[in-house]
Structures are given as C-alpha cells and as structure tokens.
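Worksheet for the structure shown next.
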Amino acid sequence: MKKITFVVLALLVTGCFGGSDESAESTTTMPGCQKQEFSTFIVDVPPAWNRIDKSKLSTSIPKGTVVVYASELENGFIKNMNILKETLNTEATSKEYARANIALAKQTLPEYRETIVEEVDIKGIKTLLHLFQARNSITDDLIHFTQGYFVKDEVGYTVTCVVPEEALEDERNLCRKAVTSFQLK
C-alpha cells in the first residue's frame with residue numbers, strides 16, 4: 001500500500017483534471033528506454049519502469065491521469081513518471097500553461113525550491129522545463145521533480161518524473177530525457 005500511496009501523492013502535485021484513458025503501443029527508442037505511443041502523444045519511458053494499472057492505485061487518483069509508470073521500490077522510494085491531461089476551455093500557450101502550474105506548485109508544495117526553469121523547444125513546442133525539490137506533505141522526504149507542460153487545441157498535458165532528492169545525476173538526467181521526449185501528435 002505504501003508504494004501505491006506514494007505514486008498517488010506524486011500525482012497530486014499537478015492537480016485533478018478531466019481526461020481519458022489511452023492505450024499504448026511500445027517500440028524501442030532512447031537507449032534503454034521504450035517509446036510508448038498513445039492516441040494523442042508519444043513518450044519515452046525509463047528502463048525497468050512498468051505501466052501501473054490505474055485501478056490498482058487508489059480511488060483518489062486524479063481523473064486526468066492518462067498513464068503512470070513506476071520503478072520497483074528501491075530504498076523506500078518508487079521513482080515514477082505520470083502524464084496528466086486537462087481541458088483548458090481557453091486558448092493558452094504551453095509557456096502560459098507552464099507558468100500557471102509553476103505558480104501553483106510554489107503556493108501548494110511544502111518546502112518548494114526551484115532548481116531550474118528553462119525555456120525549451122520540445123519537438124517544436126516552446127515551453128518551460130521545470131526542475132524543483134519539494135515535499136508532498138510536511139512529513140514526507142524532499143523529492144526531485146522534473147516537469148514539462150504542453151498545450152494543443154485547448155488541452156493541457158503535464159508530464160512529471162519524480163526521483164528521490166538524493167538521486168544520482170544519471171537518474172535526474174533520465175527524468176529530464178523522459179520528460180523532454182514527450183511529443184504531441
């Protein structure tokens with residue numbers, strides 16, 4: 001249960017949104033990773049991370065969660081990546097959507113510390129890459145987040161990858177590669 005609870009807590013960082021289930025096809029891509037292709041996007045998943053069936057997580061999982069991938073429990077932590085989808089009902093750029101989500105993280109996450117907010121062009125979309133440390137709650141350990149934000153046709157996508165704060169640079173870079181691999185169709 002501890003494994004499942006942690007994944008859900010990491011998902012809560014980006015909010016509760018409307019969305020739909022999507023099925024994925026798998027092909028090989030970034031060394032060691034698998035490309036997962038969905039109806040509206042493509043993303044690379046870190047090696048040995050498995051797709052988690054949303055029905056096994058919890059009833060509190062945000063409605064907009066499209067997919068969750070997670071590692072095995074390692075030193076009391078489950079590294080994970082999730083993609084949330086929300087209908088915006090307004091025109092917004094990916095950068096505007098990113099700025100709104102970053103402001104929300106700053107206001108709601110205990111001990112939020114920004115590491116990097118970098119303007120990037122990911123597969124033709126100008127957006128912000130957001131790296132930060134925070135706690136999901138006051139009693140939780142600090143964790144390292146990598147997030148990317150994307151908008152197409154008034155639909156916003158938040159891609160989040162989470163590793164322990166003490167994670168090695170290679171693990172953090174793997175999260176960065178996974179988030180920046182995201183491509184809208």
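We label chains A, B, ... in the order they appear in the structure tokens, count residues from 1 in each chain, and number ligands from 1 in the order shown.
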
If we count only C-alpha atoms, what is near Glu111 of chain A at a cut-off of 9 Å, once residues fewer than 4 positions away on the same chain are taken out, given as a compact mmCIF listing (two decimals) with N, CA and C atoms, in the first residue's frame?
# COMPACT_ATOMS: atom_id res chain seq x y z
N LYS A 106 4.49 26.39 -6.40
CA LYS A 106 5.12 27.28 -5.42
C LYS A 106 4.19 27.54 -4.24
N GLN A 133 12.62 20.86 -6.10
CA GLN A 133 12.52 19.95 -4.96
C GLN A 133 11.34 20.42 -4.13
N ALA A 134 10.66 19.45 -3.53
CA ALA A 134 9.54 19.77 -2.64
C ALA A 134 9.17 18.52 -1.87
N ARG A 135 8.23 18.70 -0.97
CA ARG A 135 7.64 17.59 -0.24
C ARG A 135 6.18 17.50 -0.66
N ILE A 138 4.24 17.90 4.71
CA ILE A 138 5.26 18.32 5.67
C ILE A 138 6.08 17.15 6.20
N LEU A 142 12.05 15.18 1.10
CA LEU A 142 12.19 16.00 -0.11
C LEU A 142 12.35 15.09 -1.31

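Using only C-alpha atoms, the contacts of Ile116 of chain A at a cut-off of 7 Å, with sequence neighbours closer than 2 positions omitted, comprise A:Glu114, A:Glu118, A:His130, A:Leu131, A:Phe132.
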
Using N, CA and C atoms, can you write the selected residues to a file as a PDB file, in the first residue's frame?
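Everything below was put into part_21.pdb:
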ATOM      1  N   GLU A 114      12.890  25.888  -6.215  1.00  0.00           N
ATOM      2  CA  GLU A 114      13.108  25.831  -7.662  1.00  0.00           C
ATOM      3  C   GLU A 114      14.584  25.614  -7.946  1.00  0.00           C
ATOM      4  N   GLU A 118      13.601  26.525 -17.315  1.00  0.00           N
ATOM      5  CA  GLU A 118      14.348  26.746 -18.545  1.00  0.00           C
ATOM      6  C   GLU A 118      13.405  26.780 -19.750  1.00  0.00           C
ATOM      7  N   HIS A 130      10.735  22.496 -15.934  1.00  0.00           N
ATOM      8  CA  HIS A 130      10.691  22.913 -14.540  1.00  0.00           C
ATOM      9  C   HIS A 130      11.287  21.815 -13.661  1.00  0.00           C
ATOM     10  N   LEU A 131      12.417  22.101 -13.039  1.00  0.00           N
ATOM     11  CA  LEU A 131      13.044  21.177 -12.101  1.00  0.00           C
ATOM     12  C   LEU A 131      12.984  21.810 -10.721  1.00  0.00           C
ATOM     13  N   PHE A 132      12.538  21.033  -9.738  1.00  0.00           N
ATOM     14  CA  PHE A 132      12.417  21.565  -8.388  1.00  0.00           C
ATOM     15  C   PHE A 132      12.420  20.451  -7.352  1.00  0.00           C
TER      16      PHE A 132
END

Checklist outcome for this item: Between A:Asp153, A:Glu165, A:Asp121, A:Glu72, smallest distance to Asp141 of chain A by only C-alpha atoms belongs to A:Glu165

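Remark: for Tyr112 of chain A, the closest of the candidate residues A:Lys177, A:Lys63, A:Lys56, A:His144 is A:His144 (distances computed over only C-alpha atoms).
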
Checklist entry - Leaving out Asn82 of chain A and any residue of its chain fewer than 4 positions from it, which residues lie within 8 Å of it when counting only C-alpha atoms, given as JSON, numbers by chain? => result {"A": [11, 65, 66, 67, 68, 69, 159, 160, 161]}

Item to check | Which residue of A:Phe145, A:Tyr97, A:Phe182, A:Phe77 approaches Gly124 of chain A most closely, using only C-alpha atoms | outcome: A:Phe182

Checklist entry - Which parts of segment 10-172 of chain A does DSSP call strand (DSSP E or B) when run on the backbone here, written out as number ranges by chain? => result A: 25-28, 34-37, 41-45, 50-51, 65-70, 74, 77, 80-87, 113-122, 125-134, 143-152, 155-164

Give me a file of those residues, with C-alpha atoms, as a JSON list (two decimals), in the first residue's frame.
[["chain", "number", "residue", "atom", "x", "y", "z"],
["A", 25, "GLU", "CA", 1.98, 0.72, -28.28],
["A", 26, "SER", "CA", 5.63, 0.07, -27.44],
["A", 27, "THR", "CA", 8.67, 0.43, -29.67],
["A", 28, "THR", "CA", 12.37, 0.89, -28.91],
["A", 34, "GLN", "CA", 10.83, 2.20, -24.53],
["A", 35, "LYS", "CA", 8.80, 4.54, -26.68],
["A", 36, "GLN", "CA", 5.15, 4.45, -25.66],
["A", 37, "GLU", "CA", 2.73, 5.67, -28.31],
["A", 41, "PHE", "CA", 1.14, 11.68, -27.75],
["A", 42, "ILE", "CA", 4.39, 9.69, -27.70],
["A", 43, "VAL", "CA", 6.78, 9.46, -24.74],
["A", 44, "ASP", "CA", 9.95, 7.53, -23.81],
["A", 45, "VAL", "CA", 9.77, 5.57, -20.55],
["A", 50, "ASN", "CA", 6.39, -0.54, -15.65],
["A", 51, "ARG", "CA", 3.00, 0.83, -16.51],
["A", 65, "THR", "CA", -4.25, 10.83, -15.19],
["A", 66, "VAL", "CA", -3.61, 9.28, -18.58],
["A", 67, "VAL", "CA", -0.78, 6.96, -17.57],
["A", 68, "VAL", "CA", 1.60, 6.17, -14.69],
["A", 69, "TYR", "CA", 4.94, 4.36, -14.96],
["A", 70, "ALA", "CA", 6.90, 3.36, -11.87],
["A", 74, "GLU", "CA", 14.15, 0.98, -4.04],
["A", 77, "PHE", "CA", 11.13, 5.12, -2.77],
["A", 80, "ASN", "CA", 7.72, 7.37, -11.21],
["A", 81, "MET", "CA", 6.51, 9.27, -14.23],
["A", 82, "ASN", "CA", 2.94, 10.32, -14.90],
["A", 83, "ILE", "CA", 1.08, 12.22, -17.56],
["A", 84, "LEU", "CA", -1.98, 14.29, -16.77],
["A", 85, "LYS", "CA", -4.37, 15.76, -19.30],
["A", 86, "GLU", "CA", -6.85, 18.59, -18.74],
["A", 87, "THR", "CA", -9.29, 20.52, -20.87],
["A", 113, "ARG", "CA", 12.71, 25.02, -4.01],
["A", 114, "GLU", "CA", 13.11, 25.83, -7.66],
["A", 115, "THR", "CA", 16.24, 24.42, -9.28],
["A", 116, "ILE", "CA", 15.71, 25.34, -12.92],
["A", 117, "VAL", "CA", 13.00, 26.90, -15.04],
["A", 118, "GLU", "CA", 14.35, 26.75, -18.54],
["A", 119, "GLU", "CA", 12.77, 27.86, -21.81],
["A", 120, "VAL", "CA", 12.97, 24.92, -24.18],
["A", 121, "ASP", "CA", 11.73, 23.82, -27.57],
["A", 122, "ILE", "CA", 10.50, 20.25, -27.24],
["A", 125, "ILE", "CA", 6.62, 23.26, -28.82],
["A", 126, "LYS", "CA", 8.05, 26.24, -26.97],
["A", 127, "THR", "CA", 7.53, 25.59, -23.27],
["A", 128, "LEU", "CA", 9.24, 25.59, -19.88],
["A", 129, "LEU", "CA", 11.16, 22.73, -18.31],
["A", 130, "HIS", "CA", 10.69, 22.91, -14.54],
["A", 131, "LEU", "CA", 13.04, 21.18, -12.10],
["A", 132, "PHE", "CA", 12.42, 21.56, -8.39],
["A", 133, "GLN", "CA", 12.52, 19.95, -4.96],
["A", 134, "ALA", "CA", 9.54, 19.77, -2.64],
["A", 143, "ILE", "CA", 11.89, 14.70, -3.65],
["A", 144, "HIS", "CA", 13.17, 15.89, -7.02],
["A", 145, "PHE", "CA", 10.59, 16.72, -9.71],
["A", 146, "THR", "CA", 11.09, 17.27, -13.43],
["A", 147, "GLN", "CA", 8.04, 18.65, -15.25],
["A", 148, "GLY", "CA", 7.18, 19.67, -18.79],
["A", 149, "TYR", "CA", 3.97, 21.36, -19.92],
["A", 150, "PHE", "CA", 2.30, 21.15, -23.30],
["A", 151, "VAL", "CA", -0.85, 22.58, -24.89],
["A", 152, "LYS", "CA", -2.62, 21.67, -28.09],
["A", 155, "VAL", "CA", -5.89, 20.66, -23.92],
["A", 156, "GLY", "CA", -3.03, 20.82, -21.44],
["A", 157, "TYR", "CA", -0.62, 17.98, -20.64],
["A", 158, "THR", "CA", 1.70, 17.90, -17.64],
["A", 159, "VAL", "CA", 4.50, 15.33, -17.74],
["A", 160, "THR", "CA", 6.08, 14.69, -14.33],
["A", 161, "CYS", "CA", 9.02, 12.48, -13.41],
["A", 162, "VAL", "CA", 9.93, 12.02, -9.74],
["A", 163, "VAL", "CA", 13.10, 10.61, -8.14],
["A", 164, "PRO", "CA", 14.47, 10.83, -4.59]]

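Distances here use only C-alpha atoms; by that measure, the residue among A:Pro62, A:Asn173, A:Phe38, A:Glu154 closest to Leu88 of chain A is A:Glu154.
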
Checklist entry - Looking at A:Ile78, A:Ala98, A:Ala92, A:Val179, which one is nearest to Ala167 of chain A, with distances taken over only C-alpha atoms? => result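 Nearest candidate to Ala167 of chain A out of A:Ile78, A:Ala98, A:Ala92, A:Val179: A:Ile78.
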
Next on the checklist: I need the helix (DSSP H, G or I) residues of chain A per DSSP on the backbone, written as a VMD selection string.
Outcome noted: chain A and resid 2 to 12 54 to 56 94 to 108 169 to 180
